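I have placed the structure first, in the form of structure tokens, so that the comments after it can refer back to it.
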Amino acid sequence: MAFDVDALRKDFPILGRTLASGAPLVYLDSGATTQKPLAVLDAERDFYLTRNAAVHRGAHQLAGEATEAYEDARHTVARFIGAADDEVVFTKNTTEGINLVAYALGNAGRIGPGDRIVVTEMEHHANLVPWQQLAERTGATLDWFGLTDDGRLDLTRIDELLDERTRVLAVTHQSNVLGTLNPVRELADRAHAFGTLVVVDGAQSVPHRPVDVRRLGADFLAFSGHKMLGPNGIGVLWGRADLLGELPPFLTGGSMIEIVEMDRTTFLPPPQRFEAGVPMTAQAVGLAAAVDYLERLGMAEVAAYEETLTARALELLAEVPGVRVVGPADAADRGSAVSFTVDGVHPHDVGQVLDDRGVAVRVGHHCARPIVRRYGIPATTRASFYVYNTPAEVDALVEGVRAAQRFFAR
Ligand code: PMP
């Protein structure tokens, strides 16, 4: 193990909680949101205690210091993903980042009747519904890559789906339900041959593995701070500088304008053009602290450690009769979201038994309803691991699943 998990857990006081049932908390729901280390909480608090002011305005020292903190945070995030500072737009979350791109492309008139938008059947609703809506508004058609039985993209229709009519390919880098890691680079190279823009949902990849935007080969990448040890209410949209420069704004108002007349307005260049209103400054500072924390651990080490937990979960769950993991079976080429069904026990009941034992998982369709439909199941139970989870917690999960089986077999 490249880092000391027992020592690391001390940075997350919430992990020491005992629940109403008397059981200690086993938090296996980081795919939904992660816990925050003291360093992140301290960074936000310190900002409010010492430097709080509205950024990019104000002639006073405090406003200057707040602006510096905000722009330093942008620089930290940009460095983390191998981007230039002005390619990093702060948003509320992944959802807002994807909506920003979809609306801006629509407003720019870059999508029209007869054009095609391609998504996949494993998208989170955040990377599906905005494209459905854009297709509806513009008269474009929406099509998608289906899934194979083992939870990967079915690429057999690739020549049909990616051609000169395809304006946008929107794809998740790592599935929040199946754990699947998608071949974004290959897809992007194919798509770019036809001038197709590639929008990647990085909500589940950026927190868990090294992601370098140049190597990824996409045009846009959206992710959320709260899924990578950072605060709620801050997300990132990375876009290629030339593309951001060509796009009109999504939200309009203060902070993003150049000159306003009564009947017309000109806009600042990116990233300010896409950051209307007073931004989430303390949250950006907190996100930078989260990035520093992850960089101290090392993203390659984070990915390797999570892989050991995922491998353990897959191996132990495979030994439980009646448990079926939905998604790739090999921990080496997937992420740490492990979804499964238990024969004869509804996922909500599995979740309830686990909760009684202090094990926090998620049950349902995980905001990706087409996936559960594709596999003909009502819902799944999903455990998702992060840097602060231990092998013993994986064992507690599997023990809890066995307990649910015993309870409902009676
Ligand atoms: N995409 C994926 C793959 C996700 O897992 C999530 C969060 N569950 C989102 C998008 C949406 O993230 P947010 O709610 O932070 O916008």
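Here, A, B, ... name the chains of the structure tokens in the order displayed, residue numbers run from 1 inside each chain, and ligands are numbered from 1 in the same displayed order.
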**OP:** Using only C-alpha atoms and all ligand atoms, determine which residues fall within 9 Å of ligand 1, then list them as JSON, numbers by chain.
**Re:** {"A": [31, 32, 33, 92, 93, 94, 95, 96, 97, 98, 122, 123, 124, 125, 126, 127, 172, 173, 174, 175, 176, 177, 201, 202, 203, 204, 205, 222, 223, 224, 225, 226, 227, 232, 233, 234, 235, 366, 367, 368]}
Dump as CSV the rows for residues of range 57-172 of chain A within 7 Å of range 278-298 of chain A: closest atom pair and distance in Å with one decimal, only C-alpha atoms counted, ordered by chain and rising residue number.
```
residue,atom,partner,partner_atom,distance
A:Ala69,CA,A:Val285,CA,6.6
A:Tyr70,CA,A:Thr281,CA,5.8
A:Ala73,CA,A:Ala288,CA,5.0
A:Thr76,CA,A:Ala288,CA,5.9
A:Val77,CA,A:Ala288,CA,6.4
```
Considering only C-alpha atoms, tabulate each residue of range 325-383 of chain A that lies at most 8 Å from range 14-23 of chain A along with its nearest interatomic pair and the corresponding distance in Å to one decimal; arrange the rows by chain and ascending residue number and present them as CSV.
```
residue,atom,partner,partner_atom,distance
A:Asp356,CA,A:Ser21,CA,6.1
A:Arg357,CA,A:Ala23,CA,5.8
A:Gly358,CA,A:Ala23,CA,5.0
```
Would you save the residues from that selection as a tab-separated table (two decimals), in the first residue's frame, using C-alpha atoms?
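New file again-v6.tsv:
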```
chain	number	residue	atom	x	y	z
A	356	ASP	CA	-28.68	-1.33	10.19
A	357	ARG	CA	-25.08	-2.56	10.29
A	358	GLY	CA	-23.66	0.92	9.67
```
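Shortest separation to His192 in chain A among A:Ala63, A:Val401, A:Leu162, A:Ala170 occurs at residue A:Leu162, atoms counted being only C-alpha atoms.
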Subject >> Computed interatomic separation between CA of His348 in chain A and CA of Val325 in chain A (Å) >> reply: 16.1 Å
